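Next comes query-v1.cif, a file with mmCIF, C-alpha atoms.
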```cif
data_protein
loop_
_atom_site.label_atom_id
_atom_site.label_comp_id
_atom_site.auth_asym_id
_atom_site.auth_seq_id
_atom_site.Cartn_x
_atom_site.Cartn_y
_atom_site.Cartn_z
CA MET A 1 176.97 171.78 138.63
CA LYS A 2 174.11 171.21 136.20
CA ALA A 3 174.87 167.50 135.93
CA LYS A 4 174.11 167.07 139.62
CA PHE A 5 170.74 165.50 138.90
CA LEU A 6 172.60 162.71 137.12
CA VAL A 7 174.25 161.56 140.36
CA PRO A 8 171.32 159.39 141.53
CA LEU A 9 171.06 157.93 138.03
CA ALA A 10 174.76 157.09 138.07
CA LEU A 11 174.43 155.48 141.51
CA PHE A 12 171.44 153.51 140.25
CA LEU A 13 173.41 152.29 137.24
CA VAL A 14 176.26 151.17 139.49
CA LEU A 15 173.74 149.26 141.58
CA VAL A 16 172.24 147.68 138.46
CA GLY A 17 175.76 146.70 137.42
CA PHE A 18 176.33 144.91 140.71
CA LEU A 19 172.97 143.16 140.50
CA ALA A 20 173.57 142.09 136.89
CA PHE A 21 176.93 140.66 137.92
CA GLY A 22 175.29 138.90 140.85
CA LEU A 23 172.72 137.31 138.56
CA ARG A 24 175.47 135.68 136.56
CA LEU A 25 176.98 134.04 139.62
CA ASP A 26 175.75 130.61 140.55
CA PRO A 27 175.56 130.26 144.33
CA ARG A 28 175.46 126.49 143.90
CA GLU A 29 179.02 126.57 142.59
CA VAL A 30 181.17 126.72 145.67
CA PRO A 31 184.85 127.17 144.76
CA SER A 32 186.93 124.23 145.90
CA PRO A 33 189.81 124.92 148.28
CA LEU A 34 191.56 121.87 146.80
CA ILE A 35 192.55 123.57 143.55
CA ASP A 36 196.34 123.41 143.04
CA LYS A 37 196.66 121.29 146.18
CA PRO A 38 197.50 117.58 146.37
CA ALA A 39 194.42 115.43 145.90
CA PRO A 40 193.40 113.65 149.11
CA ALA A 41 194.84 110.15 149.31
CA PHE A 42 192.41 107.25 149.33
CA SER A 43 192.33 103.51 149.06
CA LEU A 44 188.99 102.04 148.02
CA ALA A 45 187.66 98.73 146.73
CA ARG A 46 187.39 98.47 142.96
CA LEU A 47 184.00 97.95 141.40
CA ASP A 48 185.24 95.28 138.98
CA ASP A 49 187.03 93.31 141.69
CA ASN A 50 186.21 94.11 145.34
CA SER A 51 189.22 92.24 146.64
CA GLN A 52 191.51 94.77 144.97
CA ARG A 53 191.98 98.30 146.12
CA PHE A 54 192.85 101.37 144.15
CA GLY A 55 194.56 104.58 145.23
CA LEU A 56 195.84 107.88 143.88
CA GLU A 57 199.45 106.75 143.51
CA GLU A 58 198.49 104.36 140.70
CA MET A 59 197.68 107.34 138.50
CA ARG A 60 200.90 109.21 139.21
CA GLY A 61 202.54 110.61 136.06
CA GLN A 62 199.22 110.85 134.21
CA VAL A 63 196.70 113.61 133.68
CA TRP A 64 193.32 112.11 134.59
CA LEU A 65 189.78 112.81 135.61
CA LEU A 66 188.05 111.64 138.75
CA ASN A 67 184.33 111.59 138.08
CA VAL A 68 181.93 111.26 141.01
CA TRP A 69 178.84 109.29 140.05
CA ALA A 70 176.07 107.06 141.37
CA SER A 71 173.29 105.07 139.76
CA TRP A 72 170.64 107.06 141.68
CA CYS A 73 172.01 110.34 140.37
CA VAL A 74 169.72 111.73 137.68
CA ALA A 75 172.15 114.37 136.41
CA CYS A 76 174.78 111.64 135.93
CA ARG A 77 172.58 110.09 133.30
CA GLN A 78 172.55 113.39 131.46
CA GLU A 79 176.34 113.62 131.68
CA HIS A 80 177.07 110.01 130.84
CA PRO A 81 177.02 110.15 127.00
CA VAL A 82 179.62 112.94 127.16
CA LEU A 83 181.90 110.73 129.26
CA VAL A 84 181.36 107.74 126.98
CA ASP A 85 182.30 109.93 124.03
CA LEU A 86 185.37 111.21 125.87
CA ALA A 87 186.45 107.64 126.63
CA ARG A 88 186.04 106.65 122.99
CA ARG A 89 188.40 109.46 121.97
CA GLN A 90 190.95 108.21 124.51
CA VAL A 91 192.01 111.69 125.47
CA VAL A 92 192.36 111.11 129.15
CA PRO A 93 191.70 108.24 131.56
CA VAL A 94 188.58 108.71 133.65
CA VAL A 95 188.33 107.05 137.05
CA GLY A 96 184.85 106.74 138.52
CA LEU A 97 184.26 107.46 142.18
CA ASN A 98 180.99 105.72 142.90
CA TYR A 99 179.56 107.85 145.69
CA LYS A 100 177.25 106.32 148.32
CA GLU A 101 175.68 103.92 145.84
CA VAL A 102 173.31 102.44 148.42
CA ARG A 103 173.16 105.02 151.20
CA GLY A 104 172.69 107.89 148.78
CA ASP A 105 169.49 106.37 147.42
CA GLY A 106 166.68 107.80 149.49
CA ALA A 107 164.50 104.77 148.72
CA ILE A 108 166.75 102.38 150.64
CA ASP A 109 167.20 102.32 154.39
CA ALA A 110 170.88 101.40 154.46
CA ARG A 111 170.97 101.32 158.25
CA ARG A 112 169.23 97.95 158.15
CA LEU A 113 171.88 96.46 155.88
CA ALA A 114 174.94 94.53 156.99
CA PRO A 115 178.19 95.84 155.48
CA GLU A 116 178.59 92.85 153.16
CA GLN A 117 174.95 93.18 152.07
CA GLU A 118 175.53 96.84 151.29
CA LEU A 119 178.66 96.05 149.28
CA ALA A 120 176.90 93.35 147.27
CA MET A 121 173.96 95.63 146.59
CA ALA A 122 176.23 98.51 145.55
CA VAL A 123 178.21 96.31 143.18
CA GLU A 124 175.07 94.92 141.59
CA ARG A 125 173.46 98.32 141.13
CA ALA A 126 176.60 100.07 139.87
CA ARG A 127 177.54 97.30 137.45
CA GLY A 128 173.98 97.13 136.18
CA TRP A 129 173.95 100.85 135.55
CA LEU A 130 177.25 100.77 133.67
CA SER A 131 176.20 97.88 131.48
CA ALA A 132 172.95 99.66 130.68
CA HIS A 133 174.46 103.06 129.90
CA GLY A 134 178.02 102.23 128.86
CA ASP A 135 181.21 102.19 130.89
CA PRO A 136 183.51 105.12 130.14
CA TYR A 137 185.71 104.45 133.16
CA LYS A 138 189.19 103.03 133.29
CA LEU A 139 187.85 101.66 136.55
CA SER A 140 185.48 102.70 139.30
CA VAL A 141 185.98 102.58 143.03
CA LEU A 142 183.30 102.26 145.69
CA ASP A 143 182.95 105.00 148.28
CA LEU A 144 180.11 103.36 150.18
CA ASP A 145 179.98 105.73 153.16
CA GLY A 146 180.96 108.89 151.28
CA ARG A 147 184.09 109.49 153.36
CA VAL A 148 186.36 109.96 150.36
CA GLY A 149 183.66 112.19 148.91
CA ILE A 150 183.92 114.40 151.99
CA ASP A 151 187.71 114.45 151.64
CA PHE A 152 187.27 115.74 148.11
CA GLY A 153 184.66 118.27 149.23
CA VAL A 154 181.91 116.61 147.21
CA TYR A 155 178.53 118.15 147.97
CA GLY A 156 176.54 117.04 144.97
CA VAL A 157 176.79 114.43 142.27
CA PRO A 158 178.12 114.57 139.60
CA GLU A 159 181.37 116.38 140.18
CA THR A 160 184.59 115.96 138.24
CA PHE A 161 188.16 116.64 139.31
CA LEU A 162 191.04 117.18 136.90
CA ILE A 163 194.23 115.84 138.44
CA ASP A 164 197.73 116.36 137.08
CA GLN A 165 200.85 114.18 136.81
CA ARG A 166 201.97 115.06 140.33
CA GLY A 167 198.61 114.24 141.85
CA SER A 168 197.41 117.82 142.34
CA VAL A 169 193.82 118.83 141.75
CA ARG A 170 193.87 121.44 138.98
CA TYR A 171 190.21 121.99 138.24
CA LYS A 172 186.83 121.01 139.60
CA HIS A 173 183.74 120.80 137.47
CA ILE A 174 180.51 120.98 139.47
CA GLY A 175 177.41 119.41 137.99
CA PRO A 176 177.07 117.44 134.76
CA ILE A 177 179.70 117.94 132.07
CA THR A 178 178.03 119.18 128.91
CA PRO A 179 179.51 118.85 125.41
CA GLU A 180 180.14 122.62 125.54
CA SER A 181 181.93 122.61 128.88
CA LEU A 182 183.99 119.63 127.71
CA GLU A 183 185.15 121.34 124.52
CA LYS A 184 185.53 124.85 125.90
CA VAL A 185 186.87 124.25 129.38
CA LEU A 186 187.94 120.71 130.20
CA LEU A 187 189.72 119.67 127.03
CA PRO A 188 191.84 122.86 126.77
CA LYS A 189 192.85 122.47 130.41
CA ILE A 190 193.74 118.81 129.84
CA GLU A 191 195.84 119.68 126.79
CA GLU A 192 197.61 122.42 128.70
CA LEU A 193 198.47 120.06 131.56
CA LYS A 194 199.68 117.37 129.19
CA ARG A 195 201.93 119.82 127.38
CA ALA A 196 203.34 121.15 130.64
CA GLY A 197 204.30 117.57 131.47
CA MET B 1 127.62 128.74 139.45
CA PRO B 2 127.69 128.59 143.30
CA ALA B 3 127.96 124.81 143.11
CA ASP B 4 130.92 125.19 140.79
CA ARG B 5 132.62 127.59 143.18
CA PHE B 6 131.90 125.26 146.10
CA LEU B 7 133.47 122.37 144.21
CA ARG B 8 136.55 124.44 143.46
CA ALA B 9 136.89 125.41 147.12
CA LEU B 10 136.50 121.79 148.11
CA ARG B 11 139.22 120.76 145.68
CA GLY B 12 141.51 123.48 147.05
CA ALA B 13 140.94 122.33 150.61
CA ALA B 14 141.62 118.73 149.61
CA LEU B 15 144.83 119.80 147.90
CA ILE B 16 146.05 121.73 150.94
CA GLY B 17 145.10 118.86 153.22
CA GLY B 18 146.94 116.44 150.98
CA CYS B 19 150.06 118.59 151.01
CA LEU B 20 150.00 118.87 154.78
CA PHE B 21 149.50 115.17 155.17
CA GLY B 22 152.30 114.49 152.69
CA ALA B 23 154.64 116.86 154.50
CA ALA B 24 153.80 115.22 157.83
CA ALA B 25 154.44 111.80 156.32
CA ILE B 26 157.82 112.94 154.98
CA ALA B 27 158.73 114.53 158.29
CA ALA B 28 157.88 111.33 160.11
CA ASP B 29 159.85 109.31 157.62
CA GLY B 30 162.92 111.56 157.36
CA PRO B 31 166.34 110.61 158.68
CA THR B 32 165.83 112.76 161.75
CA ALA B 33 166.21 110.11 164.42
CA GLN B 34 169.96 110.31 164.71
CA PRO B 35 171.56 108.21 167.40
CA LEU B 36 172.65 110.65 170.08
CA ALA B 37 176.10 110.34 171.49
CA ALA B 38 176.00 108.62 174.85
CA ASP B 39 177.53 111.71 176.39
CA PRO B 40 175.10 114.67 176.55
CA ALA B 41 177.93 117.16 177.01
CA LEU B 42 179.49 115.94 173.77
CA GLU B 43 176.15 116.10 172.02
CA ALA B 44 175.77 119.72 173.15
CA ARG B 45 179.17 120.53 171.65
CA VAL B 46 178.24 118.76 168.41
CA LEU B 47 175.02 120.77 168.14
CA ASP B 48 176.72 124.00 169.06
CA LEU B 49 179.36 123.56 166.37
CA SER B 50 176.87 122.26 163.82
CA HIS B 51 174.91 125.49 164.09
CA LYS B 52 177.97 127.42 162.92
CA LEU B 53 178.50 125.29 159.82
CA ARG B 54 176.65 125.73 156.57
CA CYS B 55 175.07 122.84 154.73
CA LEU B 56 176.37 123.07 151.16
CA VAL B 57 173.27 121.49 149.69
CA CYS B 58 170.58 123.69 151.23
CA GLN B 59 172.76 126.70 151.63
CA ASN B 60 170.61 128.72 153.98
CA GLN B 61 170.54 126.03 156.62
CA SER B 62 173.21 124.96 159.04
CA ILE B 63 174.21 121.32 159.18
CA ALA B 64 172.39 121.16 162.50
CA GLU B 65 169.08 122.11 160.87
CA SER B 66 169.34 120.48 157.48
CA HIS B 67 168.05 117.01 156.70
CA ALA B 68 170.13 116.73 153.53
CA PRO B 69 172.17 113.51 153.49
CA LEU B 70 175.39 115.51 153.29
CA ALA B 71 174.43 117.47 156.41
CA VAL B 72 173.80 114.19 158.23
CA ASP B 73 177.22 112.91 157.08
CA LEU B 74 178.96 116.10 158.17
CA ARG B 75 177.21 116.07 161.53
CA ASP B 76 178.43 112.50 162.01
CA GLN B 77 181.94 113.66 161.13
CA VAL B 78 181.74 116.47 163.69
CA ARG B 79 180.47 114.05 166.35
CA GLU B 80 183.11 111.45 165.55
CA GLN B 81 185.99 113.90 165.57
CA LEU B 82 184.92 115.65 168.77
CA ALA B 83 184.50 112.24 170.39
CA ALA B 84 188.02 111.38 169.28
CA GLY B 85 189.23 114.31 171.36
CA ARG B 86 189.74 116.91 168.66
CA SER B 87 189.07 120.53 169.46
CA GLU B 88 186.34 122.65 167.83
CA ASN B 89 188.97 124.57 165.89
CA GLU B 90 190.50 121.39 164.50
CA VAL B 91 187.12 120.17 163.29
CA VAL B 92 186.43 123.54 161.66
CA ASP B 93 189.85 123.44 159.97
CA TYR B 94 189.10 119.93 158.74
CA LEU B 95 185.89 121.08 157.05
CA VAL B 96 187.33 124.33 155.71
CA ALA B 97 190.19 122.38 154.10
CA ARG B 98 187.58 120.36 152.17
CA TYR B 99 184.71 122.75 151.51
CA GLY B 100 186.32 126.18 151.83
CA ASP B 101 185.32 129.18 153.92
CA PHE B 102 181.80 128.81 152.58
CA VAL B 103 181.01 126.20 155.26
CA LEU B 104 181.44 128.87 157.91
CA TYR B 105 178.46 131.06 158.66
CA ALA B 106 180.84 133.70 160.03
CA PRO B 107 183.42 134.28 157.31
CA PRO B 108 187.01 134.69 158.53
CA PHE B 109 188.69 138.08 158.47
CA LYS B 110 191.34 138.02 155.74
CA ALA B 111 192.46 139.83 152.59
CA THR B 112 189.66 138.50 150.37
CA THR B 113 186.95 139.32 152.89
CA LEU B 114 188.18 142.83 153.80
CA LEU B 115 185.45 144.48 151.74
CA LEU B 116 182.83 142.26 153.31
CA TRP B 117 183.87 143.07 156.86
CA LEU B 118 184.86 146.70 156.46
CA GLY B 119 182.55 147.72 153.61
CA PRO B 120 179.53 148.64 155.77
CA ALA B 121 181.66 150.67 158.20
CA ALA B 122 183.39 152.39 155.26
CA LEU B 123 180.02 153.22 153.71
CA LEU B 124 178.77 154.58 157.04
CA LEU B 125 181.87 156.74 157.47
CA ALA B 126 181.64 158.01 153.90
CA GLY B 127 177.97 158.88 154.42
CA ALA B 128 178.67 160.64 157.72
CA GLY B 129 181.56 162.57 156.14
CA TRP B 130 179.41 163.65 153.22
CA LEU B 131 176.67 164.75 155.58
CA ALA B 132 179.14 166.72 157.73
CA ILE B 133 180.50 168.53 154.67
CA ARG B 134 177.02 169.37 153.44
CA LEU B 135 175.91 170.67 156.84
CA ARG B 136 179.01 172.82 157.22
CA ARG B 137 178.56 174.28 153.75
CA ARG B 138 174.94 175.10 154.43
CA GLU B 139 175.92 176.79 157.68
CA ARG B 140 178.46 178.92 155.85
CA GLU B 141 175.85 179.91 153.26
CA ALA B 142 173.35 180.89 155.93
CA ALA B 143 175.95 182.93 157.75
CA VAL B 144 176.56 185.29 154.80
CA SER B 145 175.77 188.79 156.02
CA LEU B 146 174.15 191.49 153.94
CA SER B 147 175.88 194.69 153.04
CA GLU B 148 174.53 198.03 154.29
CA ALA B 149 172.91 198.78 150.90
CA GLU B 150 171.22 195.39 150.78
CA HIS B 151 169.85 195.92 154.26
CA ARG B 152 168.36 199.22 153.22
CA ARG B 153 166.78 197.72 150.15
CA ALA B 154 165.34 194.84 152.10
CA ARG B 155 163.82 197.25 154.61
CA GLU B 156 162.30 199.28 151.81
CA LEU B 157 160.85 196.19 150.16
CA LEU B 158 159.32 195.09 153.43
CA ALA B 159 157.83 198.54 153.87
CA GLY B 160 156.02 198.09 150.54
CA ASN B 161 158.12 200.57 148.65
CA ALA B 162 158.46 198.83 145.32
CA ALA B 163 160.08 201.75 143.56
CA VAL B 164 163.48 200.52 144.37
CA PRO B 165 165.55 199.77 141.29
CA PRO B 166 166.83 196.22 141.18
CA SER B 167 170.43 195.93 142.17
CA SER B 168 172.96 194.92 139.58
CA GLU B 169 173.93 192.02 141.74
CA GLU B 170 172.55 188.66 140.92
CA PRO B 171 169.90 187.60 143.38
CA ARG B 172 170.83 184.81 145.65
CA SER B 173 168.77 181.80 145.21
#
```

Could you write out this file's structure as structure tokens?
Amino acid sequence: MKAKFLVPLALFLVLVGFLAFGLRLDPREVPSPLIDKPAPAFSLARLDDNSQRFGLEEMRGQVWLLNVWASWCVACRQEHPVLVDLARRQVVPVVGLNYKEVRGDGAIDARRLAPEQELAMAVERARGWLSAHGDPYKLSVLDLDGRVGIDFGVYGVPETFLIDQRGSVRYKHIGPITPESLEKVLLPKIEELKRAG
Amino acid sequence: MPADRFLRALRGAALIGGCLFGAAAIAADGPTAQPLAADPALEARVLDLSHKLRCLVCQNQSIAESHAPLAVDLRDQVREQLAAGRSENEVVDYLVARYGDFVLYAPPFKATTLLLWLGPAALLLAGAGWLAIRLRRREREAAVSLSEAEHRRARELLAGNAAVPPSSEEPRS
């Protein structure tokens, strides 16, 4: 019974263990309930040609990434070179979901804009951004009101979804993709999905 | 020296004033003036439900309180869906399907949240059980009666008769 005095110490160490584990968790990373579920269907206007629409079914049979971006998003700028590099390597097609291009920019009062004005403004801003920073996307679609973003559970930009051949979401990356997270997490997952067919 | 201190105080006051003014300007400018639904009963339901949903951007605020653009969007969704005749539960299911249980301020009771819901009660029971065991053991220790010889020795000690040889038994501590 001599070791009794060690009991509080042991309890304290357990507590420290819990706290240390808690420190490593990022409360900003909310796990997506969409993982291993079919990606939400959408049909949105393309950035390169507004008269055409694009939907999930066009990517069926391919492993691809859906990257949520906007020209007002600062972290997207940080992520962008990684995406451009990924596109150059032609590993996987990346589709851009341009999220609330006009309404998301706090400097613009989008309520005063007519829908066609908003569309024109979004196209101009998004295209300008891509020509300035490089266009890694197979194509981008315009989610002007953020509805499709809500369907995908987007709560911050950038976010990236890995979608498999059957159209299921297999992984969600929250925040900017870094070269490390690309090499260590995304690329292995992509390879695994491609091999599984 | 006093002039220097006075200047510093003045600068501090100006800074605080500036912050307050800035905050007021932001508050006045913020997207707070949401168009209310024409129906006040509906608006009450929207607010009531919004208070139970977490804003994922500023995580310690509900979507009723938060001014984050996402909270405004989600509030609009809630309003639109309730107006379309959906029930509260359907709207909650809609949001949980997209953002997970995290949007709920009251987490649901299920396998992964068992520890969360039952943990405090389990800890309380464990503590109460431990306490009960300790108290009972102490009672048993106090109830130990002395033998006749021990009684005699105790009486002699109390009487100041120190010439009693120590007993071979180990003293109780």

Produce a table with one row for each residue of chain A that has an atom at most 6 Å from any atom of chain B, each row naming the nearest atom pair and its distance in Å at one decimal; use all atoms listed in the file; arrange rows by chain and rising residue number; format as CSV.
```
residue,atom,partner,partner_atom,distance
A:Pro33,CA,B:Gly100,CA,5.1
A:Asp151,CA,B:Arg98,CA,5.9
A:Gly153,CA,B:Arg98,CA,4.6
```

Requested in this report: Identify all residues satisfying the PyMOL selection byres ((chain A and resi 73-76) around 9) in the given file; provide them as a PyMOL selection string.
Outcome: chain A and resi 68-72+77-80+104-105+157-158+175-177

Report task. Identify the residues around (185.7, 112.3, 163.6) within a radius of 12 Å, measuring from all atoms listed in the file in the coordinates stated by the file, and give them as a PyMOL selection string. Result -> (chain A and resi 147+150) or (chain B and resi 46+73-88+90-92+94-95)

Report task. Name the closest residue to A:Val123 among the candidates A:Leu47, A:Val148, A:Ile108, A:Leu86; distances are taken between atoms, counting all atoms listed in the file. Result -> A:Leu47
